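Here the structure is laid out as structure tokens; the discussion comes afterwards.
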Amino acid sequence: MKILGIGNALLDVLLKLDSDETLHQMGVKKGAMDIIDEPTMEEIQKAQAGLQRSEAPGGSVCNTMRSLANLGAQVGYIGKVGDDHAAKTYEEQIRKAGVEPFFVKTIGISGCSTVLISPDGERTMATFLGPAATLSADEISDETLSAFDLLYIEGYLISNEKLFLPILRRAENLGLKIALDLSNFNIVNAFKPLLEEVIPAYINILFSNESEAEAYTGLPAEDAIEQIIKHVDYSVITIGKDGVLVSDGTEFAHIEALKCDVVDTTGAGDNFAAGFLYGLSQKASLVQSANIGTLLSANVIEVVGAQIPEQRWDTIRVKVRDFLV
């Protein structure tokens with residue numbers, strides 16, 4: 001099963017600040033998590049010179065695709081970028097990870113999520129969506145879609161009217177299975193009527209956490225999964241430290257979280273989705289697929305950031321093979 005992801009292509013840039021004065025120069029408030037405009041992004045870029053930095057391709061779907069590639073899956077990724085350094089870095093790094101990029105390119109600054117780390121460790125986040133938010137279904141060819149078996153899309157894209165529903169319709173018409181991650185309970189609350197239309201009509205695999213599932217159904221996770229599975233082939237509800245609930249309509253399972261040293265939960269859901277989808281791509285059972293997802297989640301929350309370090313993957317792949325026996 002070849003898997004194609006569509007998401008907001010945002011380069012994650014972590015900047016270590018010498019002082020909070022840099023925040024004032026950039027025009028951002030310490031500790032905030034803001035969506036910023038292009039002039040503010042340009043000011044941030046000007047102020048970056050000389051700062052200690054690290055860069056990595058970001059966005060929920062990109063995280064999932066990279067982990068799928070590390071497991072050996074055939075994956076592609078669609079996003080919209082500019083013609084700058086960020087776009088070049090993004091494409092180079094996902095190619096290196098084994099993900100085939102299908103970028104729509106335009107003139108200007110690419111989307112970027114800048115994490116500004118103060119001397120006291122506090123993080124300030126400034127996200128410029130840029131061209132990522134303007135991707136339309138018309139910019140994606142049937143040829144690209146038809147090369148894959150499953151489309152994975154994030155709920156954050158639901159606000160993009162020129163992309164979300166049109167691409168679901170085309171993917172279904174071309175015979176692709178469709179997996180959706182609800183992304184955020186605020187998204188669910190804002191677009192619930194549309195989701196109630198889209199999920200039964202187009203979605204085969206629905207990923208959510210317990211707050212998103214409750215926002216969608218009005219029910220706690222244990223009851224929400226029974227409601228959701230009436231409309232999809234697979235329902236997955238992550239429940240934090242208590243693990244995950246999964247169902248395929250005939251089987252229900254509660255998989256406990258693996259014991260691990262929790263450092264940073266960023267990317268836990270993204271990596272669970274990667275493991276679960278990989279299991280399905282290998283014709284694994286519901287429980288086997290969920291166990292692979294749980295393994296990846298446990299590994300990513302032991303490190304800072306949304307990516308599992310390269311040195312862990314050999315061990316992970318051995319354990320995955322054991323799950324599939």
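Starting from 1 in every chain, residues are counted up; chains themselves are A, B, ... following the order of the structure tokens, and ligands are numbered from 1 as listed.
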Non-local contacts of segment 35-43 of chain A (7 Å; only C-alpha atoms; under 3 positions in same chain excluded) as a PDB file with N, CA and C atoms, in the first residue's frame:
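Okay, around_22.pdb is ready:
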```
ATOM      1  N   MET A  26      11.948  41.423  17.059  1.00  0.00           N
ATOM      2  CA  MET A  26      11.145  40.675  16.099  1.00  0.00           C
ATOM      3  C   MET A  26       9.663  41.047  16.158  1.00  0.00           C
ATOM      4  N   LYS A  46      15.390  38.446   9.351  1.00  0.00           N
ATOM      5  CA  LYS A  46      16.495  39.398   9.449  1.00  0.00           C
ATOM      6  C   LYS A  46      17.221  39.270  10.780  1.00  0.00           C
ATOM      7  N   ALA A  47      16.455  38.990  11.832  1.00  0.00           N
ATOM      8  CA  ALA A  47      17.036  38.925  13.173  1.00  0.00           C
ATOM      9  C   ALA A  47      17.713  37.590  13.465  1.00  0.00           C
ATOM     10  N   ALA A 126       6.165  31.322  16.533  1.00  0.00           N
ATOM     11  CA  ALA A 126       5.600  32.222  15.534  1.00  0.00           C
ATOM     12  C   ALA A 126       5.493  31.453  14.216  1.00  0.00           C
ATOM     13  N   THR A 127       4.268  31.257  13.755  1.00  0.00           N
ATOM     14  CA  THR A 127       4.045  30.455  12.554  1.00  0.00           C
ATOM     15  C   THR A 127       3.526  31.317  11.411  1.00  0.00           C
ATOM     16  N   PHE A 128       4.238  31.248  10.311  1.00  0.00           N
ATOM     17  CA  PHE A 128       3.832  31.917   9.072  1.00  0.00           C
ATOM     18  C   PHE A 128       3.415  30.823   8.095  1.00  0.00           C
TER      19      PHE A 128
END
```
Please provide as a tab-separated table (two decimals) with N, CA, C and O atoms, in the first residue's frame all residues within 6 Å of segment 264-281 of chain A, with the sequence filter that same-chain residues fewer than 2 positions apart are discarded (counting only C-alpha atoms).
```tsv
chain	number	residue	atom	x	y	z
A	1	MET	N	0.84	-1.20	0.00
A	1	MET	CA	0.00	0.00	0.00
A	1	MET	C	0.87	1.24	0.00
A	1	MET	O	1.63	1.49	0.93
A	60	SER	N	2.26	18.16	10.75
A	60	SER	CA	1.82	16.86	11.25
A	60	SER	C	1.94	15.75	10.23
A	60	SER	O	2.48	14.67	10.50
A	64	THR	N	4.39	12.20	9.96
A	64	THR	CA	3.88	10.85	9.75
A	64	THR	C	4.54	10.19	8.55
A	64	THR	O	4.95	9.03	8.59
A	67	SER	N	8.19	9.06	9.24
A	67	SER	CA	8.29	7.85	10.04
A	67	SER	C	7.85	6.62	9.25
A	67	SER	O	8.44	5.54	9.38
A	68	LEU	N	6.84	6.77	8.40
A	68	LEU	CA	6.45	5.67	7.52
A	68	LEU	C	7.62	5.27	6.62
A	68	LEU	O	7.89	4.08	6.42
A	283	LYS	N	-0.74	-5.62	5.89
A	283	LYS	CA	-1.86	-6.55	6.13
A	283	LYS	C	-1.82	-7.12	7.55
A	283	LYS	O	-2.21	-8.28	7.78
A	284	ALA	N	-1.34	-6.32	8.49
A	284	ALA	CA	-1.31	-6.72	9.89
A	284	ALA	C	-2.71	-6.63	10.49
A	284	ALA	O	-3.60	-5.98	9.93
A	289	SER	N	-1.22	-3.60	14.29
A	289	SER	CA	-1.03	-2.24	13.78
A	289	SER	C	-0.99	-1.24	14.92
A	289	SER	O	-0.15	-0.32	14.93
A	290	ALA	N	-1.88	-1.40	15.89
A	290	ALA	CA	-1.91	-0.49	17.04
A	290	ALA	C	-0.64	-0.63	17.88
A	290	ALA	O	-0.12	0.36	18.41
A	292	ILE	N	2.34	-1.37	16.76
A	292	ILE	CA	3.42	-0.68	16.05
A	292	ILE	C	3.29	0.83	16.29
A	292	ILE	O	4.28	1.52	16.54
A	293	GLY	N	2.08	1.34	16.22
A	293	GLY	CA	1.86	2.76	16.50
A	293	GLY	C	2.29	3.14	17.90
A	293	GLY	O	2.92	4.18	18.12
A	294	THR	N	1.96	2.30	18.86
A	294	THR	CA	2.32	2.56	20.26
A	294	THR	C	3.83	2.56	20.44
A	294	THR	O	4.38	3.37	21.20
A	296	LEU	N	6.10	3.43	18.18
A	296	LEU	CA	6.65	4.67	17.64
A	296	LEU	C	6.34	5.85	18.57
A	296	LEU	O	7.20	6.71	18.79
A	297	SER	N	5.14	5.88	19.13
A	297	SER	CA	4.79	6.96	20.06
A	297	SER	C	5.72	6.98	21.26
A	297	SER	O	6.19	8.04	21.69
A	301	ILE	N	8.27	10.29	22.30
A	301	ILE	CA	8.07	11.12	23.49
A	301	ILE	C	9.25	11.05	24.47
A	301	ILE	O	9.28	11.78	25.45
A	304	VAL	N	13.18	15.26	22.51
A	304	VAL	CA	12.61	16.57	22.21
A	304	VAL	C	12.33	16.66	20.72
A	304	VAL	O	13.17	16.32	19.89
A	305	GLY	N	11.13	17.10	20.38
A	305	GLY	CA	10.77	17.26	18.98
A	305	GLY	C	9.88	16.15	18.46
A	305	GLY	O	9.59	15.17	19.17
A	306	ALA	N	9.44	16.31	17.21
A	306	ALA	CA	8.45	15.41	16.63
A	306	ALA	C	9.05	14.28	15.81
A	306	ALA	O	8.32	13.47	15.24
```
Checklist line | Residue nearest Ile228 of chain A among A:Ala253, A:Leu245, A:Val75, A:Leu206 (counting only C-alpha atoms) | finding: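 Nearest candidate to Ile228 of chain A out of A:Ala253, A:Leu245, A:Val75, A:Leu206: A:Leu206.
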Note to self: I need the residues in segment 125-252 of chain A that are strand (DSSP E) according to DSSP; give them as a ChimeraX atom specification.
What the structure shows: /A:125-128,150-154,177-181,205-209,234-238,244-247,252
Next item on the list: as a ChimeraX atom specification, please: all residues of segment 118-319 of chain A that backbone DSSP puts in alpha helix (DSSP H).
Entry: /A:142-146,164-173,185-190,192-202,210-217,221-228,268-281,286-300,313-319
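Proximity to Ile3 of chain A was assessed for A:Leu194, A:Ala87, A:Ala147, A:Cys260 counting only C-alpha atoms; the smallest distance is recorded for A:Ala147.
Shortest atom-to-atom contact with Ala215 of chain A among A:Leu182, A:Leu168, A:Val320, A:Val236: A:Leu182, counting only C-alpha atoms.
If only C-alpha atoms are the atoms counted, then among A:Lys192, A:Lys29, A:Lys80, A:Lys230 the closest residue to Pro101 of chain A is A:Lys80.
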Next item on the list: Pick out the residues sitting within 9 Å of Gly240 of chain A, and hand them over as JSON, numbers by chain; count only C-alpha atoms, and ignore anything fewer than 2 positions along from it in its own chain.
Entry: {"A": [209, 210, 238, 242, 243, 244, 257, 268]}
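From atom CA of Ala49 of chain A back to atom CA of Ile107 of chain A, the distance works out to 22.7 Å.
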Margin query: Considering only C-alpha atoms, can you say which of A:Leu195, A:Ile153, A:Ala69, A:Ile167 comes closest to Asp181 of chain A?
Written below: A:Ile153
